[in-house]
Every structure is written in structure tokens, then in C-alpha cells.
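Coordinates from input-v9.cif are shown below (mmCIF, C-alpha atoms).
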data_final
#
loop_
_atom_site.label_atom_id
_atom_site.label_comp_id
_atom_site.auth_asym_id
_atom_site.auth_seq_id
_atom_site.Cartn_x
_atom_site.Cartn_y
_atom_site.Cartn_z
CA TYR A 1 -29.99 0.71 -16.79
CA ARG A 2 -30.21 1.35 -13.05
CA GLU A 3 -32.79 -1.46 -12.76
CA ASN A 4 -35.53 1.07 -12.19
CA ILE A 5 -36.60 1.27 -8.54
CA LYS A 6 -33.31 -0.26 -7.32
CA GLY A 7 -31.40 2.80 -8.52
CA LEU A 8 -28.17 0.84 -9.05
CA LEU A 9 -25.05 2.92 -9.61
CA ARG A 10 -22.97 0.13 -11.15
CA PRO A 11 -22.87 1.37 -14.80
CA GLU A 12 -21.09 4.62 -13.93
CA GLN A 13 -17.45 5.64 -13.74
CA VAL A 14 -15.99 4.50 -10.42
CA ARG A 15 -15.77 8.08 -9.15
CA GLY A 16 -19.42 8.57 -10.13
CA GLN A 17 -20.40 5.45 -8.23
CA ALA A 18 -18.41 6.76 -5.27
CA TRP A 19 -19.90 10.24 -5.18
CA ALA A 20 -23.47 8.99 -5.65
CA LEU A 21 -23.04 6.35 -2.96
CA ARG A 22 -21.67 8.98 -0.57
CA THR A 23 -24.60 11.31 -1.23
CA LEU A 24 -27.16 8.52 -0.89
CA ALA A 25 -25.70 7.50 2.46
CA GLU A 26 -25.74 11.07 3.73
CA ALA A 27 -29.30 11.64 2.51
CA ALA A 28 -30.51 8.39 4.06
CA TYR A 29 -28.75 9.24 7.32
CA ILE A 30 -29.90 12.83 7.74
CA THR A 31 -33.50 12.65 6.48
CA PRO A 32 -35.91 12.68 9.46
CA ASP A 33 -37.58 9.35 10.25
CA SER A 34 -41.00 10.96 9.78
CA ASP A 35 -40.23 12.00 6.19
CA ARG A 36 -41.46 9.66 3.46
CA LEU A 37 -38.14 10.11 1.64
CA LYS A 38 -36.33 8.31 4.48
CA GLU A 39 -37.57 4.94 3.26
CA HIS A 40 -36.88 5.92 -0.33
CA PHE A 41 -33.21 6.76 0.25
CA ASN A 42 -32.69 3.77 2.52
CA ARG A 43 -34.15 1.42 -0.10
CA ILE A 44 -31.88 2.72 -2.86
CA LEU A 45 -28.83 2.62 -0.61
CA ASP A 46 -29.70 -0.93 0.48
CA SER A 47 -30.16 -2.03 -3.13
CA ASN A 48 -26.72 -0.75 -4.02
CA LEU A 49 -24.94 -2.19 -0.99
CA ASP A 50 -26.66 -5.52 -1.62
CA TRP A 51 -25.41 -5.50 -5.21
CA TYR A 52 -21.82 -4.62 -4.28
CA ASN A 53 -21.72 -7.20 -1.51
CA ALA A 54 -23.05 -9.89 -3.84
CA GLU A 55 -20.55 -8.88 -6.53
CA TYR A 56 -17.52 -8.48 -4.25
CA SER A 57 -17.65 -8.97 -0.47
CA ASN A 58 -19.71 -12.19 -0.47
CA ASN A 59 -18.42 -13.52 -3.79
CA THR A 60 -15.64 -16.12 -3.55
CA ASN A 61 -14.84 -15.48 -7.22
CA ALA A 62 -14.32 -11.73 -6.77
CA ASN A 63 -10.88 -10.35 -7.61
CA LYS A 64 -8.27 -10.71 -4.87
CA LEU A 65 -6.98 -7.15 -5.21
CA GLY A 66 -10.01 -5.56 -3.59
CA VAL A 67 -10.61 -3.31 -6.58
CA ILE A 68 -13.85 -2.22 -8.26
CA VAL A 69 -14.02 -3.57 -11.83
CA ASN A 70 -17.64 -2.92 -12.87
CA GLY A 71 -18.93 -0.01 -14.91
CA TYR A 72 -16.29 2.21 -16.53
CA ALA A 73 -13.51 0.85 -14.33
CA VAL A 74 -11.04 -1.20 -16.39
CA ILE A 75 -10.58 1.27 -19.26
CA TYR A 76 -6.91 2.24 -18.88
CA ASN A 77 -3.85 0.80 -20.62
CA ASP A 78 -5.78 -0.98 -23.39
CA SER A 79 -8.53 -2.14 -20.99
CA ARG A 80 -5.95 -3.71 -18.70
CA GLY A 81 -5.89 -1.07 -15.97
CA VAL A 82 -7.90 0.84 -13.40
CA ALA A 83 -7.51 4.27 -11.78
CA PRO A 84 -6.50 3.77 -8.13
CA TRP A 85 -7.48 7.36 -7.31
CA GLN A 86 -11.05 6.74 -8.48
CA ASP A 87 -11.11 3.48 -6.57
CA ASP A 88 -9.94 5.41 -3.50
CA PHE A 89 -12.92 7.74 -3.82
CA PHE A 90 -15.14 4.65 -3.71
CA THR A 91 -13.39 3.16 -0.68
CA ALA A 92 -13.71 6.47 1.16
CA ALA A 93 -17.42 6.67 0.33
CA VAL A 94 -17.97 3.13 1.63
CA GLY A 95 -15.99 3.98 4.77
CA HIS A 96 -18.16 7.05 5.29
CA ALA A 97 -21.34 4.96 4.96
CA HIS A 98 -19.87 2.52 7.47
CA GLU A 99 -19.16 5.26 10.02
CA LEU A 100 -22.71 6.59 9.58
CA GLY A 101 -23.93 3.22 10.85
CA PHE A 102 -25.01 1.42 7.67
CA THR A 103 -23.95 -2.11 8.55
CA LYS A 104 -24.09 -3.43 4.99
CA ALA A 105 -21.23 -1.06 4.17
CA THR A 106 -18.98 -2.73 6.73
CA SER A 107 -18.44 -5.98 4.83
CA LEU A 108 -17.87 -4.00 1.64
CA LEU A 109 -15.30 -1.81 3.40
CA LYS A 110 -13.45 -4.92 4.57
CA PHE A 111 -13.22 -6.08 0.96
CA LYS A 112 -12.17 -2.65 -0.29
CA SER A 113 -9.56 -2.15 2.44
CA THR A 114 -7.33 -4.71 0.75
CA PHE A 115 -6.46 -2.43 -2.16
CA PRO A 116 -5.11 0.66 -0.35
CA ILE A 117 -3.40 -1.41 2.34
CA GLN A 118 -1.65 -3.69 -0.13
CA ARG A 119 -0.49 -0.75 -2.24
CA MET A 120 1.41 0.44 0.84
CA ILE A 121 2.80 -2.77 2.32
CA GLY A 122 1.91 -5.66 0.02
CA GLN A 123 4.58 -8.13 -1.05
CA ASN A 124 6.56 -6.82 -4.04
CA ALA A 125 4.69 -3.51 -3.90
CA CYS A 126 6.44 -0.19 -3.39
CA TYR A 127 4.57 2.55 -1.57
CA ILE A 128 6.37 5.21 -3.62
CA ARG A 129 4.11 4.23 -6.53
CA GLY A 130 1.12 3.36 -4.36
CA ALA A 131 -0.94 6.25 -5.72
CA MET A 132 -0.06 5.89 -9.40
CA TYR A 133 -2.50 7.35 -11.94
CA SER A 134 -3.39 4.01 -13.49
CA MET A 135 -2.59 0.45 -12.45
CA ILE A 136 -2.57 -2.61 -14.69
CA VAL A 137 -4.60 -5.42 -13.12
CA ARG A 138 -4.60 -8.06 -15.89
CA ASP A 139 -2.51 -9.15 -18.85
CA SER A 140 -5.16 -8.40 -21.51
CA ASP A 141 -8.78 -7.36 -21.79
CA LYS A 142 -9.73 -11.05 -21.80
CA SER A 143 -7.39 -12.24 -19.05
CA PRO A 144 -8.30 -12.96 -15.42
CA TYR A 145 -7.39 -10.34 -12.85
CA TYR A 146 -4.09 -10.65 -11.03
CA THR A 147 -4.19 -12.40 -7.69
CA THR A 148 -1.43 -10.39 -5.98
CA ILE A 149 -0.57 -6.72 -5.76
CA GLY A 150 3.02 -7.57 -6.69
CA GLN A 151 1.86 -8.68 -10.13
CA ALA A 152 -0.01 -5.42 -10.60
CA PHE A 153 3.00 -3.32 -9.58
CA LYS A 154 5.40 -5.21 -11.81
CA ALA A 155 3.15 -4.96 -14.86
CA SER A 156 2.40 -1.28 -14.25
CA ASP A 157 6.01 -0.29 -13.56
CA THR A 158 7.30 -2.20 -16.58
CA TYR A 159 4.63 -0.65 -18.82
CA GLU A 160 5.27 2.91 -17.67
CA LEU A 161 8.92 3.00 -16.59
CA GLY A 162 10.66 -0.02 -18.09
CA ASP A 163 11.90 -3.33 -16.79
CA ALA A 164 15.01 -1.83 -15.18
CA PHE A 165 12.84 0.25 -12.83
CA THR A 166 11.34 -2.89 -11.30
CA ARG A 167 14.77 -3.90 -10.03
CA LEU A 168 15.37 -0.68 -8.07
CA GLN A 169 15.13 -0.81 -4.30
CA CYS A 170 11.89 0.69 -3.05
CA ALA A 171 12.23 4.27 -1.75
CA SER A 172 15.93 4.32 -2.59
CA ALA A 173 17.84 7.36 -3.78
CA GLU A 174 18.19 5.66 -7.17
CA MET A 175 14.43 5.30 -7.45
CA ALA A 176 13.93 8.93 -6.48
CA THR A 177 16.42 10.03 -9.13
CA LYS A 178 14.69 7.95 -11.77
CA LEU A 179 11.33 9.51 -10.88
CA GLY A 180 12.67 13.04 -10.40
CA LEU A 181 11.48 13.14 -6.79
CA LYS A 182 12.92 13.48 -3.30
CA THR A 183 13.91 10.26 -1.56
CA GLY A 184 10.79 8.83 0.09
CA GLU A 185 8.42 11.03 -1.90
CA MET A 186 5.39 9.32 -3.45
CA THR A 187 4.48 9.85 -7.09
CA GLY A 188 1.22 11.53 -8.07
CA TYR A 189 1.79 15.14 -6.91
CA SER A 190 2.56 14.40 -3.29
CA THR A 191 2.67 18.08 -2.29
CA ALA A 192 -0.78 18.81 -3.73
CA TYR A 193 -3.82 18.68 -1.49
CA ALA A 194 -5.73 17.25 -4.48
CA GLY A 195 -2.93 14.94 -5.61
CA TYR A 196 -3.29 11.18 -5.91
CA PRO A 197 -1.74 10.44 -2.49
CA SER A 198 -4.24 12.92 -1.04
CA ASN A 199 -7.07 11.03 -2.75
CA MET A 200 -5.67 7.88 -1.20
CA GLN A 201 -5.47 9.28 2.33
CA PRO A 202 -9.15 9.00 3.38
CA ALA A 203 -9.45 5.58 1.74
CA LEU A 204 -6.40 4.34 3.60
CA ALA A 205 -7.61 5.93 6.84
CA TYR A 206 -10.87 3.99 6.71
CA ALA A 207 -8.99 0.86 5.65
CA ALA A 208 -6.55 1.27 8.53
CA ASP A 209 -9.42 1.49 11.01
CA ILE A 210 -10.83 -1.84 9.90
CA GLY A 211 -7.66 -3.58 8.68
CA GLY A 212 -6.11 -4.66 11.96
CA ALA A 213 -2.33 -4.84 12.24
CA GLN A 214 -1.85 -4.64 8.48
CA GLY A 215 -4.00 -1.54 8.32
CA ALA A 216 -2.07 0.11 11.11
CA ASN A 217 1.23 -0.72 9.44
CA ALA A 218 0.06 0.62 6.08
CA TRP A 219 -1.00 3.89 7.74
CA LYS A 220 2.36 4.15 9.49
CA VAL A 221 4.20 3.81 6.17
CA PHE A 222 1.93 6.37 4.52
CA MET A 223 2.38 8.94 7.26
CA ALA A 224 6.16 8.49 7.23
CA ARG A 225 6.47 9.57 3.58
CA SER A 226 8.89 12.44 3.13
CA VAL A 227 6.62 14.88 1.25
CA LYS A 228 3.08 15.75 2.33
CA PRO A 229 0.58 18.45 1.39
CA ASP A 230 -0.26 21.34 3.68
CA TYR A 231 -4.01 20.93 4.11
CA ARG A 232 -4.33 24.37 5.70
CA PHE A 233 -4.42 25.73 2.14
CA GLY A 234 -6.82 23.17 0.70
CA PRO A 235 -8.99 21.46 3.32
#
Can you turn what I pasted into C-alpha cells?
Amino acid sequence: YRENIKGLLRPEQVRGQAWALRTLAEAAYITPDSDRLKEHFNRILDSNLDWYNAEYSNNTNANKLGVIVNGYAVIYNDSRGVAPWQDDFFTAAVGHAHELGFTKATSLLKFKSTFPIQRMIGQNACYIRGAMYSMIVRDSDKSPYYTTIGQAFKASDTYELGDAFTRLQCASAEMATKLGLKTGEMTGYSTAYAGYPSNMQPALAYAADIGGAQGANAWKVFMARSVKPDYRFGP
């Protein structure tokens, strides 16, 4: 199921794909050139990056949200939704491979950067819910994926919080009251160093580095949120 010698990670949960990809990249990077395992790790990493690039980065029919949908990805909300926090693990792992110098990870990171950036500043998105636990990305388990982040936010907010919530002004006091949070506070345990916004942070950081003006703007919005964790107690 991993296509034997290729060692493909695609059947796994998204977080499993992320953690394995991260470890493969680190092993391929740090193994001495004279060690026979160097070629082994590089070959498996290449096989995986080739598969992801063919499936997403170089595929004109790939979803426009920049989200991973293979393996155990779209299993939430009656097979309509994904877990952004797991997807963020994957984006961070790809960003890490990119910074280690694996050039095939760069095109994949460009594709993946869309998702965290758009959750912060995309049209009809609200950063307050940018790190929600699950996000609906299609109308049914047989439907095509949404083409805009605004569609995903509206469907997810309506499903979880009701239609009236979608009409609240983003980051308003009314929205904060509805969510039981401080004004400007993101959902998903924003004070926790292992909360969903914290999972998003490295993904968005890599995305911001490669995302141009939009990436920089998304990072600015994220860092201006009113409640942040204290990483001194959970690095």
C-alpha cells in the first residue's frame, strides 16, 4: 500500500503523512554522503514529493483551497470536512523540507501556502475561526471541493454555529460574545501552546515566507490577535 520501494505516505492520516515526511527530510538531510542510507532516504523522499507535486502542485485539477485531501483527510462532518490543524502539520513539514534545501518541496509549499494564508485574509473568511477544529470543504461526500475559502467558512460556520453567526462582523464584540472569547481572540484554545492557532503558527510562518504580500499580510493579522500563548512554558 506504500507502493513498495517508493515508500509513499499517502494512505495515512494527514498528521501521519506530515510527521513521516518531516522525519524523512531530516534523515535524508543529516545522513552523511558516504553512508549507503543517504541514497535510500533521498529516494523515498523524492518519491513522495514527486507524488504530492503530481497530485497537487502540478495538477491543474487540484483543489483551489490548497488543502490535502488524500488518505484519511476528508473524514469530518459526514465526509465533508478536513482538520485544518492536521493540514497545518503537513504544511509545516513541507516548509521544513524546503528550508533544508529539498527543491521539490518548494513547489509543494507554494501550493500549501494558500490554505493558511486564505484562512487569515481570504475573502469572506474570518481569522477568528481560522484555526477551527474541522472545516467543511464540500457539500457532500460526492460533491466537488469548494473553490473559495469563503464557501468553506460559510458552510462550516453555519454547520457549527448557525446561520445567524455568519452575519456577524468578523472580530467584533458580538462575535466574541457568541463564542465566549475576548474580542480579537481566535477559537481553538488560543492561550494554549498546543492549541490549534499554535499548530497553525509554523505553517503560516512558512507560508508567509513564500507567499509574497499576501503572506506578509496574513502573518501581520495573525500576530495582531489579542490572545497568544506564552511559549516559555511549552516550547
Please work out which residues fall within 12 Å of (13.5, 9.9, -5.1), coordinates as given in the file, with only C-alpha atoms counting, and return them as a CSV table (one decimal) with C-alpha atoms, in the frame of the given file.
chain,number,residue,atom,x,y,z
A,128,ILE,CA,6.4,5.2,-3.6
A,129,ARG,CA,4.1,4.2,-6.5
A,168,LEU,CA,15.4,-0.7,-8.1
A,169,GLN,CA,15.1,-0.8,-4.3
A,170,CYS,CA,11.9,0.7,-3.0
A,171,ALA,CA,12.2,4.3,-1.8
A,172,SER,CA,15.9,4.3,-2.6
A,173,ALA,CA,17.8,7.4,-3.8
A,174,GLU,CA,18.2,5.7,-7.2
A,175,MET,CA,14.4,5.3,-7.4
A,176,ALA,CA,13.9,8.9,-6.5
A,177,THR,CA,16.4,10.0,-9.1
A,178,LYS,CA,14.7,8.0,-11.8
A,179,LEU,CA,11.3,9.5,-10.9
A,180,GLY,CA,12.7,13.0,-10.4
A,181,LEU,CA,11.5,13.1,-6.8
A,182,LYS,CA,12.9,13.5,-3.3
A,183,THR,CA,13.9,10.3,-1.6
A,184,GLY,CA,10.8,8.8,0.1
A,185,GLU,CA,8.4,11.0,-1.9
A,186,MET,CA,5.4,9.3,-3.4
A,187,THR,CA,4.5,9.8,-7.1
A,190,SER,CA,2.6,14.4,-3.3
A,225,ARG,CA,6.5,9.6,3.6
A,226,SER,CA,8.9,12.4,3.1
A,227,VAL,CA,6.6,14.9,1.2
Could you list, with a cut-off of 10 Å and counting only C-alpha atoms, the residues of segment 208-234 of chain A near segment 114-127 of chain A, each shown with its nearest atom pair and the distance in Å rounded to one decimal, rows sorted by chain and ascending number, as JSON lines?
{"residue": "A:Ala208", "atom": "CA", "partner": "A:Ile117", "partner_atom": "CA", "distance": 7.4}
{"residue": "A:Gly211", "atom": "CA", "partner": "A:Ile117", "partner_atom": "CA", "distance": 7.9}
{"residue": "A:Gln214", "atom": "CA", "partner": "A:Ile117", "partner_atom": "CA", "distance": 7.1}
{"residue": "A:Gly215", "atom": "CA", "partner": "A:Ile117", "partner_atom": "CA", "distance": 6.0}
{"residue": "A:Ala216", "atom": "CA", "partner": "A:Ile117", "partner_atom": "CA", "distance": 9.0}
{"residue": "A:Asn217", "atom": "CA", "partner": "A:Ile121", "partner_atom": "CA", "distance": 7.6}
{"residue": "A:Ala218", "atom": "CA", "partner": "A:Met120", "partner_atom": "CA", "distance": 5.4}
{"residue": "A:Trp219", "atom": "CA", "partner": "A:Ile117", "partner_atom": "CA", "distance": 7.9}
{"residue": "A:Lys220", "atom": "CA", "partner": "A:Met120", "partner_atom": "CA", "distance": 9.5}
{"residue": "A:Val221", "atom": "CA", "partner": "A:Met120", "partner_atom": "CA", "distance": 6.9}
{"residue": "A:Phe222", "atom": "CA", "partner": "A:Met120", "partner_atom": "CA", "distance": 7.0}
{"residue": "A:Arg225", "atom": "CA", "partner": "A:Tyr127", "partner_atom": "CA", "distance": 8.9}
Excluding Ala27 of chain A and residues on its chain fewer than 3 positions from it, collect all residues at most 12 Å away from it, counting all atoms listed in the file, and give them as a ChimeraX atom specification.
-> /A:20-24,30-33,35,37-45,97,100
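Between atom CA of Ala192 of chain A and atom CA of Phe153 of chain A the interatomic distance comes to 23.2 Å.
For the residues A:Thr103, A:Ser134, A:Thr91, A:Thr147, ranking by smallest atom-to-atom distance to Gln201 of chain A using only C-alpha atoms places A:Thr91 first.
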Can you give me, as a ChimeraX atom specification, the residues this file yields under the PyMOL selection byres ((chain A and resi 49) around 10)?
-> /A:8,21,43-48,50-55,57,94,97,102-108
Evaluate the PyMOL selection byres ((chain A and resi 229) around 6) and record the selected residues as a PDB file with C-alpha atoms, keeping the file's coordinate frame, following the chain and residue labels used in the document.
ATOM      1  CA  THR A 191       2.670  18.080  -2.290  1.00  0.00           C
ATOM      2  CA  ALA A 192      -0.780  18.810  -3.730  1.00  0.00           C
ATOM      3  CA  TYR A 193      -3.820  18.680  -1.490  1.00  0.00           C
ATOM      4  CA  LYS A 228       3.080  15.750   2.330  1.00  0.00           C
ATOM      5  CA  ASP A 230      -0.260  21.340   3.680  1.00  0.00           C
ATOM      6  CA  TYR A 231      -4.010  20.930   4.110  1.00  0.00           C
TER       7      TYR A 231
END
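Of note, atom CA of Ser79 of chain A and atom CA of Pro144 of chain A are spaced 12.2 Å apart.
When only C-alpha atoms are used to measure the gap to Ala92 of chain A, the shortest distance among A:Tyr1, A:Tyr159, A:Trp19, A:Tyr145 belongs to A:Trp19.
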